[in-house]
$ cat coords_24.txt   # compact mmCIF, C-alpha atoms and all ligand atoms
# COMPACT_ATOMS: atom_id res chain seq x y z
CA MET A 17 -22.98 5.91 7.65
CA ARG A 18 -24.15 9.16 6.05
CA ALA A 19 -20.58 10.49 5.99
CA LEU A 20 -19.17 7.49 4.13
CA ARG A 21 -18.49 7.43 0.41
CA SER A 22 -17.69 4.54 -1.86
CA SER A 23 -14.05 4.28 -2.96
CA ALA A 24 -13.71 5.98 -6.33
CA ILE A 25 -11.15 3.36 -7.29
CA ARG A 26 -13.27 0.34 -6.48
CA ASP A 27 -16.12 1.97 -8.44
CA LEU A 28 -13.84 2.69 -11.39
CA LEU A 29 -12.56 -0.89 -11.46
CA THR A 30 -16.04 -2.13 -12.41
CA VAL A 31 -16.05 0.23 -15.43
CA THR A 32 -12.54 -0.72 -16.52
CA ALA A 33 -13.03 -4.49 -16.25
CA ARG A 34 -14.00 -4.57 -19.95
CA PRO A 35 -11.37 -6.59 -21.83
CA ASP A 36 -10.80 -3.97 -24.56
CA VAL A 37 -9.85 -1.25 -22.05
CA ILE A 38 -6.17 -0.93 -21.12
CA SER A 39 -6.52 -0.25 -17.44
CA LEU A 40 -3.78 1.54 -15.56
CA ALA A 41 -6.32 2.16 -12.82
CA GLY A 42 -5.77 -0.89 -10.63
CA GLY A 43 -3.16 -1.54 -8.00
CA LEU A 44 -2.83 -5.24 -8.57
CA PRO A 45 -0.08 -7.75 -9.19
CA ASP A 46 0.04 -9.32 -12.66
CA PRO A 47 -1.83 -12.65 -12.34
CA GLU A 48 0.80 -14.18 -14.66
CA LEU A 49 3.42 -13.43 -12.00
CA VAL A 50 1.45 -15.03 -9.18
CA PRO A 51 3.28 -18.27 -8.30
CA ARG A 52 0.23 -20.48 -8.80
CA LYS A 53 2.13 -23.76 -9.09
CA ARG A 54 3.92 -23.16 -5.79
CA ILE A 55 0.66 -22.08 -4.13
CA ARG A 56 -1.10 -25.21 -5.41
CA GLU A 57 1.66 -27.55 -4.16
CA SER A 58 1.77 -25.81 -0.82
CA ALA A 59 -2.03 -25.88 -0.43
CA ASP A 60 -1.97 -29.61 -1.20
CA ARG A 61 0.60 -30.18 1.53
CA ALA A 62 -1.30 -28.01 4.00
CA LEU A 63 -4.54 -29.87 3.29
CA SER A 64 -2.98 -33.12 4.43
CA THR A 65 -2.99 -31.68 7.98
CA SER A 66 -6.19 -31.32 10.01
CA GLU A 67 -4.99 -27.94 11.34
CA SER A 68 -5.44 -26.40 7.89
CA VAL A 69 -9.17 -27.10 7.80
CA GLN A 70 -9.88 -25.84 11.31
CA TYR A 71 -10.25 -22.51 13.02
CA THR A 72 -6.90 -21.17 14.11
CA GLU A 73 -5.77 -18.70 16.77
CA THR A 74 -7.27 -15.22 16.53
CA ALA A 75 -3.78 -13.71 16.30
CA GLY A 76 -2.94 -16.09 13.46
CA TRP A 77 -1.39 -19.51 12.88
CA PHE A 78 1.73 -19.48 15.04
CA GLY A 79 3.94 -20.96 12.31
CA LEU A 80 3.24 -17.91 10.15
CA ARG A 81 3.72 -15.48 13.04
CA GLU A 82 7.19 -16.95 13.52
CA VAL A 83 8.08 -16.61 9.83
CA VAL A 84 6.82 -13.03 9.73
CA ALA A 85 8.72 -12.15 12.92
CA ASP A 86 11.93 -13.50 11.33
CA ARG A 87 11.40 -11.43 8.20
CA GLU A 88 10.43 -8.30 10.14
CA GLY A 89 13.50 -8.69 12.34
CA ALA A 90 15.94 -9.23 9.47
CA GLY A 91 18.31 -6.29 9.14
CA ARG A 92 17.21 -4.79 12.47
CA SER A 93 19.36 -4.77 15.60
CA ALA A 94 16.74 -6.47 17.83
CA ALA A 95 14.84 -9.67 16.93
CA VAL A 96 11.05 -9.41 16.64
CA ASP A 97 9.03 -11.59 19.02
CA PRO A 98 6.38 -13.65 17.12
CA ARG A 99 3.89 -12.76 19.86
CA ARG A 100 4.14 -9.19 18.64
CA VAL A 101 2.82 -10.19 15.23
CA VAL A 102 -0.91 -10.44 14.53
CA ILE A 103 -1.94 -11.99 11.21
CA THR A 104 -4.85 -10.16 9.58
CA HIS A 105 -7.14 -10.52 6.57
CA GLY A 106 -4.81 -8.47 4.36
CA SER A 107 -3.11 -5.43 5.84
CA GLN A 108 -6.36 -3.56 5.23
CA GLN A 109 -7.92 -5.41 8.17
CA ALA A 110 -4.93 -4.44 10.29
CA LEU A 111 -5.68 -0.78 9.53
CA SER A 112 -9.32 -1.24 10.35
CA LEU A 113 -8.66 -3.07 13.64
CA LEU A 114 -6.09 -0.46 14.67
CA ALA A 115 -8.61 2.30 14.07
CA GLN A 116 -11.09 0.49 16.33
CA VAL A 117 -8.45 0.08 19.01
CA LEU A 118 -6.89 3.53 18.89
CA LEU A 119 -9.50 6.03 17.75
CA ASP A 120 -12.49 7.59 19.47
CA PRO A 121 -14.81 9.65 17.25
CA GLY A 122 -13.24 13.07 16.70
CA ALA A 123 -9.70 11.84 17.38
CA THR A 124 -7.07 13.48 15.19
CA VAL A 125 -5.15 11.40 12.66
CA VAL A 126 -2.55 12.56 10.17
CA VAL A 127 -2.29 11.10 6.69
CA GLU A 128 0.00 11.85 3.78
CA GLU A 129 -1.65 13.62 0.89
CA PRO A 130 -2.34 12.38 -1.76
CA ALA A 131 -3.52 9.60 0.56
CA TYR A 132 -3.98 5.84 0.36
CA THR A 133 -7.75 5.68 -0.15
CA GLY A 134 -8.12 2.52 1.97
CA ALA A 135 -6.70 4.43 4.95
CA LEU A 136 -9.07 7.34 4.33
CA GLN A 137 -12.01 4.94 4.30
CA VAL A 138 -10.97 3.41 7.60
CA PHE A 139 -10.36 6.77 9.30
CA ARG A 140 -13.61 8.22 7.98
CA THR A 141 -15.52 5.19 9.24
CA ALA A 142 -13.91 5.78 12.64
CA GLU A 143 -15.17 9.40 12.45
CA ALA A 144 -11.65 10.67 12.94
CA ARG A 145 -10.60 14.26 12.28
CA ILE A 146 -8.21 13.83 9.36
CA LEU A 147 -5.30 16.23 8.82
CA ALA A 148 -3.10 16.01 5.72
CA VAL A 149 0.65 16.45 5.41
CA PRO A 150 2.00 16.85 1.87
CA LEU A 151 4.49 14.54 0.18
CA ASP A 152 7.47 15.50 -1.93
CA ALA A 153 10.13 13.43 -3.69
CA ASP A 154 11.48 12.32 -0.27
CA GLY A 155 8.12 11.19 1.09
CA MET A 156 6.16 12.80 3.90
CA CYS A 157 7.24 16.40 4.57
CA THR A 158 8.13 15.86 8.22
CA ASP A 159 8.86 19.57 8.69
CA ARG A 160 5.19 20.26 7.94
CA LEU A 161 4.18 17.63 10.50
CA GLU A 162 6.50 19.27 12.99
CA GLU A 163 4.87 22.65 12.35
CA MET A 164 1.45 21.14 13.04
CA LEU A 165 2.67 19.63 16.28
CA ALA A 166 4.35 22.87 17.32
CA ALA A 167 1.06 24.66 16.65
CA GLY A 168 -0.62 22.40 19.21
CA GLU A 169 -2.11 19.55 17.13
CA ARG A 170 -2.04 16.25 19.04
CA PRO A 171 -2.73 13.38 16.63
CA VAL A 172 -3.33 9.91 18.05
CA LEU A 173 -1.64 8.43 15.03
CA VAL A 174 0.23 9.30 11.85
CA HIS A 175 -0.22 7.01 8.85
CA THR A 176 2.66 6.69 6.40
CA VAL A 177 3.25 4.52 3.34
CA SER A 178 7.01 4.64 3.75
CA ASN A 179 8.05 2.74 0.61
CA PHE A 180 6.93 3.38 -2.98
CA HIS A 181 3.88 5.28 -1.88
CA ASN A 182 0.39 4.54 -3.09
CA PRO A 183 -0.51 6.68 -5.03
CA ARG A 184 2.51 9.01 -5.19
CA GLY A 185 5.27 6.45 -5.87
CA VAL A 186 7.85 8.14 -3.59
CA THR A 187 9.88 6.72 -0.66
CA LEU A 188 10.48 8.32 2.73
CA SER A 189 14.14 9.29 3.02
CA ALA A 190 16.35 7.80 5.76
CA ASP A 191 16.63 11.20 7.49
CA ARG A 192 12.92 11.71 7.60
CA ARG A 193 12.37 8.19 8.99
CA GLY A 194 14.51 9.12 11.97
CA ARG A 195 12.76 12.49 12.24
CA LEU A 196 9.27 10.93 12.17
CA ALA A 197 10.21 8.39 14.83
CA ALA A 198 11.71 11.12 17.04
CA LEU A 199 8.52 13.20 16.73
CA ALA A 200 6.42 10.14 17.65
CA GLU A 201 8.48 9.68 20.83
CA ARG A 202 8.40 13.36 21.70
CA TYR A 203 4.68 13.91 21.15
CA GLY A 204 3.43 10.43 22.04
CA PHE A 205 1.60 9.53 18.84
CA TRP A 206 1.62 6.15 17.09
CA VAL A 207 3.06 5.82 13.61
CA ILE A 208 1.38 3.29 11.35
CA GLU A 209 4.04 2.30 8.85
CA ASP A 210 1.94 0.76 6.08
CA ASP A 211 4.40 -1.10 3.85
CA PRO A 212 2.99 -3.54 1.30
CA TYR A 213 5.41 -2.42 -1.46
CA GLY A 214 8.83 -2.41 0.25
CA GLU A 215 9.99 -5.67 -1.36
CA ILE A 216 9.23 -4.45 -4.87
CA TRP A 217 12.34 -2.33 -5.43
CA PHE A 218 14.12 -1.96 -8.76
CA GLY A 219 17.56 -0.41 -8.20
CA GLY A 220 18.16 -1.26 -4.55
CA PRO A 221 16.22 -1.74 -1.30
CA PRO A 222 14.66 1.20 0.57
CA PRO A 223 16.19 2.49 3.85
CA GLU A 224 15.54 0.54 7.06
CA PRO A 225 11.96 0.80 8.31
CA VAL A 226 10.69 3.65 10.47
CA ALA A 227 9.94 0.88 13.00
CA ALA A 228 13.69 0.30 13.41
CA HIS A 229 13.89 3.77 15.01
CA SER A 230 11.14 3.59 17.65
CA ASP A 231 8.71 1.34 19.53
CA ARG A 232 5.96 3.83 18.77
CA VAL A 233 5.78 2.46 15.23
CA ILE A 234 3.26 -0.21 14.22
CA ARG A 235 4.32 -1.93 11.01
CA LEU A 236 1.85 -3.32 8.50
CA SER A 237 2.58 -5.49 5.51
CA SER A 238 1.13 -8.34 3.50
CA VAL A 239 1.71 -10.97 0.84
CA SER A 240 -0.80 -9.31 -1.51
CA LYS A 241 1.73 -7.63 -3.80
CA ILE A 242 4.41 -10.32 -3.76
CA LEU A 243 2.36 -13.56 -3.71
CA ALA A 244 -1.38 -13.04 -4.25
CA PRO A 245 -4.00 -10.69 -2.82
CA SER A 246 -6.54 -13.52 -2.78
CA LEU A 247 -4.65 -15.28 0.01
CA ARG A 248 -5.77 -12.35 2.21
CA VAL A 249 -2.75 -12.68 4.43
CA GLY A 250 -1.40 -9.51 6.00
CA TRP A 251 -0.03 -8.62 9.41
CA LEU A 252 0.74 -5.99 11.95
CA CYS A 253 3.81 -5.95 14.09
CA ALA A 254 3.37 -3.86 17.24
CA PRO A 255 4.13 -3.50 20.94
CA ALA A 256 2.48 -6.13 23.19
CA GLU A 257 -0.33 -3.90 24.50
CA ILE A 258 -1.43 -3.02 20.96
CA CYS A 259 -1.36 -6.68 19.88
CA ALA A 260 -3.45 -7.68 22.90
CA ALA A 261 -6.07 -5.01 22.16
CA VAL A 262 -6.15 -5.84 18.45
CA GLU A 263 -6.64 -9.50 19.27
CA LEU A 264 -9.66 -8.71 21.45
CA VAL A 265 -11.31 -6.64 18.71
CA LYS A 266 -10.43 -9.28 16.12
CA GLN A 267 -12.19 -11.99 18.13
CA GLY A 268 -15.42 -10.11 17.43
CA ALA A 269 -14.51 -9.24 13.85
CA ASP A 270 -13.75 -12.70 12.43
CA LEU A 271 -12.83 -15.18 15.22
CA CYS A 272 -9.71 -15.95 13.17
CA GLY A 273 -8.29 -15.81 9.65
CA SER A 274 -7.89 -18.73 7.25
CA SER A 275 -5.48 -21.34 8.57
CA LEU A 276 -5.21 -22.78 5.05
CA THR A 277 -3.93 -19.64 3.35
CA GLN A 278 -1.82 -18.76 6.38
CA GLN A 279 -0.05 -22.13 6.13
CA VAL A 280 0.51 -21.58 2.41
CA ALA A 281 1.92 -18.09 3.04
CA ALA A 282 4.16 -19.43 5.81
CA GLU A 283 5.63 -22.12 3.59
CA LEU A 284 6.33 -19.73 0.71
CA LEU A 285 7.77 -16.95 2.88
CA ALA A 286 9.98 -19.43 4.75
CA ASP A 287 11.50 -20.89 1.57
CA GLY A 288 14.37 -18.41 1.30
CA PRO A 289 15.96 -19.47 -2.01
CA TRP A 290 12.60 -19.83 -3.76
CA LEU A 291 11.34 -16.49 -2.43
CA ALA A 292 14.56 -14.70 -3.40
CA ALA A 293 14.26 -16.01 -6.97
CA HIS A 294 10.57 -15.11 -7.13
CA LEU A 295 11.22 -11.57 -5.87
CA THR A 296 14.04 -11.17 -8.40
CA THR A 297 11.58 -12.10 -11.16
CA ILE A 298 8.89 -9.64 -10.12
CA ARG A 299 11.36 -6.85 -9.43
CA GLY A 300 12.89 -7.36 -12.87
CA GLU A 301 9.55 -7.54 -14.68
CA TYR A 302 7.92 -4.60 -12.92
CA GLY A 303 11.14 -2.60 -13.26
CA VAL A 304 11.06 -3.03 -17.04
CA ARG A 305 7.40 -1.99 -17.11
CA ALA A 306 8.00 1.07 -14.92
CA ALA A 307 10.80 2.16 -17.24
CA ALA A 308 8.66 1.60 -20.34
CA LEU A 309 5.86 3.69 -18.85
CA GLY A 310 8.25 6.44 -17.72
CA ASP A 311 9.93 6.63 -21.15
CA ALA A 312 6.59 6.73 -22.96
CA VAL A 313 5.27 9.49 -20.70
CA ALA A 314 8.45 11.53 -21.21
CA ALA A 315 8.29 11.02 -24.99
CA ARG A 316 4.57 11.85 -25.35
CA PHE A 317 4.14 14.59 -22.74
CA GLY A 318 7.61 16.12 -22.27
CA ASP A 319 7.46 19.11 -19.92
CA THR A 320 3.66 19.15 -19.82
CA VAL A 321 3.76 16.73 -16.91
CA ALA A 322 5.96 16.12 -13.88
CA ALA A 323 6.16 12.36 -13.27
CA THR A 324 7.48 10.38 -10.30
CA ASP A 325 11.01 9.06 -10.57
CA VAL A 326 9.79 5.48 -9.97
CA ARG A 327 12.18 3.24 -8.01
CA GLY A 328 9.77 0.49 -6.97
CA GLY A 329 6.20 -0.42 -6.13
CA MET A 330 3.38 -0.27 -8.64
CA PHE A 331 2.59 3.38 -9.34
CA SER A 332 3.61 6.49 -11.15
CA TRP A 333 2.00 9.85 -10.33
CA LEU A 334 1.64 12.49 -13.03
CA GLU A 335 1.02 16.16 -12.40
CA PHE A 336 -0.10 18.25 -15.36
CA ARG A 337 1.59 21.63 -15.56
CA ASP A 338 -0.86 22.93 -18.16
CA GLY A 339 -3.92 22.93 -15.90
CA THR A 340 -5.43 19.74 -17.35
CA ASP A 341 -8.31 18.50 -15.19
CA ALA A 342 -7.69 14.76 -14.72
CA ALA A 343 -11.37 13.91 -14.16
CA ALA A 344 -12.27 15.53 -17.52
CA LEU A 345 -9.31 13.76 -19.12
CA LEU A 346 -10.60 10.43 -17.78
CA ALA A 347 -13.84 10.78 -19.76
CA ALA A 348 -11.85 11.36 -22.98
CA ALA A 349 -9.48 8.54 -22.05
CA VAL A 350 -12.23 5.98 -21.42
CA GLU A 351 -13.64 6.82 -24.88
CA ARG A 352 -10.20 5.82 -26.21
CA LYS A 353 -10.24 2.69 -24.05
CA VAL A 354 -7.61 3.58 -21.51
CA ALA A 355 -8.22 4.20 -17.81
CA PHE A 356 -6.40 5.68 -14.82
CA VAL A 357 -7.38 7.07 -11.43
CA PRO A 358 -7.72 10.86 -11.22
CA GLY A 359 -5.79 12.55 -8.41
CA SER A 360 -8.93 13.88 -6.72
CA ALA A 361 -9.70 10.30 -5.58
CA PHE A 362 -6.71 10.56 -3.22
CA ALA A 363 -7.47 14.01 -1.84
CA VAL A 364 -8.49 14.51 1.77
CA ASP A 365 -10.68 17.60 1.12
CA GLY A 366 -10.61 18.10 -2.65
CA GLY A 367 -7.50 19.01 -4.65
CA HIS A 368 -5.01 17.13 -6.80
CA ARG A 369 -7.30 17.82 -9.74
CA HIS A 370 -4.37 18.17 -12.14
CA CYS A 371 -2.86 14.83 -11.14
CA LEU A 372 -3.43 11.18 -11.88
CA ARG A 373 -2.15 7.76 -10.83
CA LEU A 374 -0.94 5.16 -13.29
CA CYS A 375 -0.34 1.52 -12.32
CA PHE A 376 2.31 -0.20 -14.45
CA THR A 377 2.19 -3.77 -13.14
CA THR A 378 -0.63 -5.47 -15.02
CA ASN A 379 0.36 -4.61 -18.62
CA GLY A 380 3.52 -5.41 -20.54
CA PRO A 381 5.71 -2.68 -22.11
CA ASP A 382 3.89 -2.67 -25.50
CA LEU A 383 0.48 -2.21 -23.94
CA LEU A 384 1.85 0.46 -21.62
CA ARG A 385 3.22 2.38 -24.61
CA GLU A 386 -0.12 2.02 -26.38
CA ALA A 387 -1.93 3.22 -23.24
CA VAL A 388 0.24 6.34 -23.03
CA ALA A 389 -0.31 7.02 -26.76
CA ARG A 390 -4.09 6.86 -26.17
CA LEU A 391 -3.73 9.08 -23.13
CA ALA A 392 -1.79 11.66 -25.15
CA ASP A 393 -4.50 11.52 -27.79
CA ALA A 394 -7.18 12.06 -25.13
CA HIS A 395 -5.14 14.94 -23.71
CA ALA A 396 -4.79 16.57 -27.13
CA ALA A 397 -8.55 16.20 -27.69
CA SER A 398 -9.57 17.57 -24.31
CA THR A 399 -7.34 20.68 -24.20
N1 LIG B 401 -1.87 -0.36 2.33
C1 LIG B 401 -1.60 0.18 1.13
C2 LIG B 401 -0.76 1.38 1.05
C3 LIG B 401 -2.12 -0.42 -0.02
O1 LIG B 401 -1.85 0.13 -1.22
C4 LIG B 401 -2.92 -1.58 0.08
C5 LIG B 401 -3.51 -2.27 -1.14
N2 LIG B 401 -4.04 -1.45 -2.09
C6 LIG B 401 -3.18 -2.07 1.36
C7 LIG B 401 -2.63 -1.45 2.46
C8 LIG B 401 -4.05 -3.27 1.61
O2 LIG B 401 -3.61 -4.41 1.01
P1 LIG B 401 -3.97 -5.86 1.51
O3 LIG B 401 -5.17 -5.75 2.41
O4 LIG B 401 -4.26 -6.65 0.30
O5 LIG B 401 -2.77 -6.33 2.27

$ encode --input "coords_24.txt" --output "structure tokens"
Amino acid sequence: MRALRSSAIRDLLTVTARPDVISLAGGLPDPELVPRKRIRESADRALSTSESVQYTETAGWFGLREVVADREGAGRSAAVDPRRVVITHGSQQALSLLAQVLLDPGATVVVEEPAYTGALQVFRTAEARILAVPLDADGMCTDRLEEMLAAGERPVLVHTVSNFHNPRGVTLSADRRGRLAALAERYGFWVIEDDPYGEIWFGGPPPEPVAAHSDRVIRLSSVSKILAPSLRVGWLCAPAEICAAVELVKQGADLCGSSLTQQVAAELLADGPWLAAHLTTIRGEYGVRAAALGDAVAARFGDTVAATDVRGGMFSWLEFRDGTDAAALLAAAVERKVAFVPGSAFAVDGGHRHCLRLCFTTNGPDLLREAVARLADAHAAST
């Protein structure tokens, strides 16, 4: 326990909950875009069954496992067997269960840096030895991973957020997906393809998943970003031996997830025309917000920052070229009632001090422009 630290983001969220602060610090869907009416109707229907008020199978309500398997298999050459899907309490629990199954203390894991903080927390709790591979505009630098492997590193697993990375905003290119899968086969490590954002694309969908290239890939996703995080419905899709081990550990973790929210998720995910229309709405809305944020950053900061070319997801990543320290900027920004997450929160061993993450999903274009104006003011005052 002594080695564990609280997530800087979860701590920051308590500070930024004040209503007068424009927070770009979260990583949340807009509550106005959560399909509450559909969820309510579906929950009503589910509640008329006795299954929905009972414990369900540890691996998840089978009806949802079937729907998820269909979706995971869509666009891939081979169908996905529902018995290779385990429903979890958000995809975060999938990460945590996988760490229990796969990692002994001291085991080597590779993460992308800047890293998803929830993955860092899980791997630190597992007392793993964490190595970082940098990201560029095409996602994880697989040549750097290859160098590590050639130098003798033998990770048990490599964690990647393949689509619209949290926090970096970038997507792993098709070439590198194939490369990563080939390295996994050659060196015998597992890839955890952590993909909660893949459906939230603006121009067009991302390339086919890393999991389409190899059986050494365990895919994670959830309904948190497209329906509602409060349903706490996520999943992993993995080879049979991994699912069996995860199920055993999960028996001790929670017996089972919520059959009520799993039935709701199953109904909504299975309703193709409704889901397509809903996804079109959120893609359109978030796309407009991402563009508004990007334009405002370009107008206010010009060449002072390099910003992600955002094509989906929820985040833009800014890197200051003038040496601005993002943690110091945050203090000035909070005084001006705007908040973001400084890059150091996503570092494995320090670093990313000149960077910050902005979330564009929970504020409309006007508020985003106002937030960037306040940020520019804070920047001018702190440099
Ligand atoms: N993976 C990534 C990359 C995330 O950004 C998040 C949410 N912040 C999660 C997993 C976990 O999400 P959930 O447990 O709600 O599915």

$ residues_near_ligand --input "coords_24.txt" --ligand "ligand LIG 401 (chain B)" --cutoff "10 Å" --atoms "all atoms listed in the file" --output "ChimeraX atom specification"
/A:42-44,104-111,131-135,175-183,209-213,236-241,244-251,329-331

$ write_last_selection --input "coords_24.txt" --atoms "C-alpha atoms" --output "short mmCIF file (atom, residue, chain, number, x, y, z; two decimals), keeping the file's coordinate frame"
data_model
loop_
_atom_site.label_atom_id
_atom_site.label_comp_id
_atom_site.auth_asym_id
_atom_site.auth_seq_id
_atom_site.Cartn_x
_atom_site.Cartn_y
_atom_site.Cartn_z
CA GLY A 42 -5.77 -0.89 -10.63
CA GLY A 43 -3.16 -1.54 -8.00
CA LEU A 44 -2.83 -5.24 -8.57
CA THR A 104 -4.85 -10.16 9.58
CA HIS A 105 -7.14 -10.52 6.57
CA GLY A 106 -4.81 -8.47 4.36
CA SER A 107 -3.11 -5.43 5.84
CA GLN A 108 -6.36 -3.56 5.23
CA GLN A 109 -7.92 -5.41 8.17
CA ALA A 110 -4.93 -4.44 10.29
CA LEU A 111 -5.68 -0.78 9.53
CA ALA A 131 -3.52 9.60 0.56
CA TYR A 132 -3.98 5.84 0.36
CA THR A 133 -7.75 5.68 -0.15
CA GLY A 134 -8.12 2.52 1.97
CA ALA A 135 -6.70 4.43 4.95
CA HIS A 175 -0.22 7.01 8.85
CA THR A 176 2.66 6.69 6.40
CA VAL A 177 3.25 4.52 3.34
CA SER A 178 7.01 4.64 3.75
CA ASN A 179 8.05 2.74 0.61
CA PHE A 180 6.93 3.38 -2.98
CA HIS A 181 3.88 5.28 -1.88
CA ASN A 182 0.39 4.54 -3.09
CA PRO A 183 -0.51 6.68 -5.03
CA GLU A 209 4.04 2.30 8.85
CA ASP A 210 1.94 0.76 6.08
CA ASP A 211 4.40 -1.10 3.85
CA PRO A 212 2.99 -3.54 1.30
CA TYR A 213 5.41 -2.42 -1.46
CA LEU A 236 1.85 -3.32 8.50
CA SER A 237 2.58 -5.49 5.51
CA SER A 238 1.13 -8.34 3.50
CA VAL A 239 1.71 -10.97 0.84
CA SER A 240 -0.80 -9.31 -1.51
CA LYS A 241 1.73 -7.63 -3.80
CA ALA A 244 -1.38 -13.04 -4.25
CA PRO A 245 -4.00 -10.69 -2.82
CA SER A 246 -6.54 -13.52 -2.78
CA LEU A 247 -4.65 -15.28 0.01
CA ARG A 248 -5.77 -12.35 2.21
CA VAL A 249 -2.75 -12.68 4.43
CA GLY A 250 -1.40 -9.51 6.00
CA TRP A 251 -0.03 -8.62 9.41
CA GLY A 329 6.20 -0.42 -6.13
CA MET A 330 3.38 -0.27 -8.64
CA PHE A 331 2.59 3.38 -9.34
#

$ closest_residue --input "coords_24.txt" --among "A:Glu335, A:Asp46, A:Asp97, A:Glu143" --to "Ala115 in chain A" --atoms "all atoms listed in the file"
A:Glu143

$ closest_residue --input "coords_24.txt" --among "A:Arg316, A:His294, A:Arg21, A:His229" --to "Leu243 in chain A" --atoms "only C-alpha atoms"
A:His294

$ atom_distance --input "coords_24.txt" --atom1 "CA of Lys53 in chain A" --atom2 "CA of Ile298 in chain A"
15.7 Å

$ closest_residue --input "coords_24.txt" --among "A:Val101, A:Leu147, A:Ala41, A:Leu49" --to "Arg299 in chain A" --atoms "all atoms listed in the file"
A:Leu49

$ atom_distance --input "coords_24.txt" --atom1 "CA of Gly380 in chain A" --atom2 "CA of Leu309 in chain A"
9.5 Å

$ closest_residue --input "coords_24.txt" --among "A:Arg327, A:His395, A:Arg235, A:Arg52" --to "Ile103 in chain A" --atoms "all atoms listed in the file"
A:Arg235

$ residues_around --input "coords_24.txt" --residues "Gly122 in chain A" --least-positions-apart "6" --cutoff "9 Å" --atoms "only C-alpha atoms" --output "ChimeraX atom specification"
/A:142-146

$ atom_distance --input "coords_24.txt" --atom1 "CA of Glu57 in chain A" --atom2 "CA of Gln279 in chain A"
11.8 Å

$ closest_residue --input "coords_24.txt" --among "A:Pro45, A:Gly76, A:Gly339, A:Gly310" --to "Gln267 in chain A" --atoms "only C-alpha atoms"
A:Gly76

$ residues_around --input "coords_24.txt" --residues "Arg202 in chain A" --least-positions-apart "6" --cutoff "12 Å" --atoms "all atoms listed in the file" --output "compact mmCIF listing (two decimals) with C-alpha atoms, in the coordinates of the input"
# COMPACT_ATOMS: atom_id res chain seq x y z
CA GLU A 162 6.50 19.27 12.99
CA LEU A 165 2.67 19.63 16.28
CA ALA A 166 4.35 22.87 17.32
CA ARG A 170 -2.04 16.25 19.04
CA ARG A 195 12.76 12.49 12.24
CA LEU A 196 9.27 10.93 12.17
CA SER A 230 11.14 3.59 17.65
CA ARG A 232 5.96 3.83 18.77

$ closest_residue --input "coords_24.txt" --among "A:Ala363, A:Trp217, A:Ile242, A:Leu334" --to "Ala281 in chain A" --atoms "all atoms listed in the file"
A:Ile242

$ residues_around --input "coords_24.txt" --residues "Ala355 in chain A" --least-positions-apart "5" --cutoff "7 Å" --atoms "all atoms listed in the file" --output "VMD selection string"
chain A and resid 32 38 to 41 346 349 to 350

$ residues_near_point --input "coords_24.txt" --point "(-2.5, 14.8, 8.3)" --cutoff "12 Å" --atoms "only C-alpha atoms" --output "ChimeraX atom specification"
/A:123-131,135-136,139,144-151,156-158,160-165,169-176,207,363-365

$ residues_around --input "coords_24.txt" --residues "Ser93 in chain A" --least-positions-apart "5" --cutoff "12 Å" --atoms "all atoms listed in the file" --output "PyMOL selection string"
chain A and resi 88+224-225+227-230

$ write_last_selection --input "coords_24.txt" --atoms "C-alpha atoms" --output "PDB file, in the frame of the given file"
ATOM      1  CA  GLU A  88      10.430  -8.300  10.140  1.00  0.00           C
ATOM      2  CA  GLU A 224      15.540   0.540   7.060  1.00  0.00           C
ATOM      3  CA  PRO A 225      11.960   0.800   8.310  1.00  0.00           C
ATOM      4  CA  ALA A 227       9.940   0.880  13.000  1.00  0.00           C
ATOM      5  CA  ALA A 228      13.690   0.300  13.410  1.00  0.00           C
ATOM      6  CA  HIS A 229      13.890   3.770  15.010  1.00  0.00           C
ATOM      7  CA  SER A 230      11.140   3.590  17.650  1.00  0.00           C
TER       8      SER A 230
END
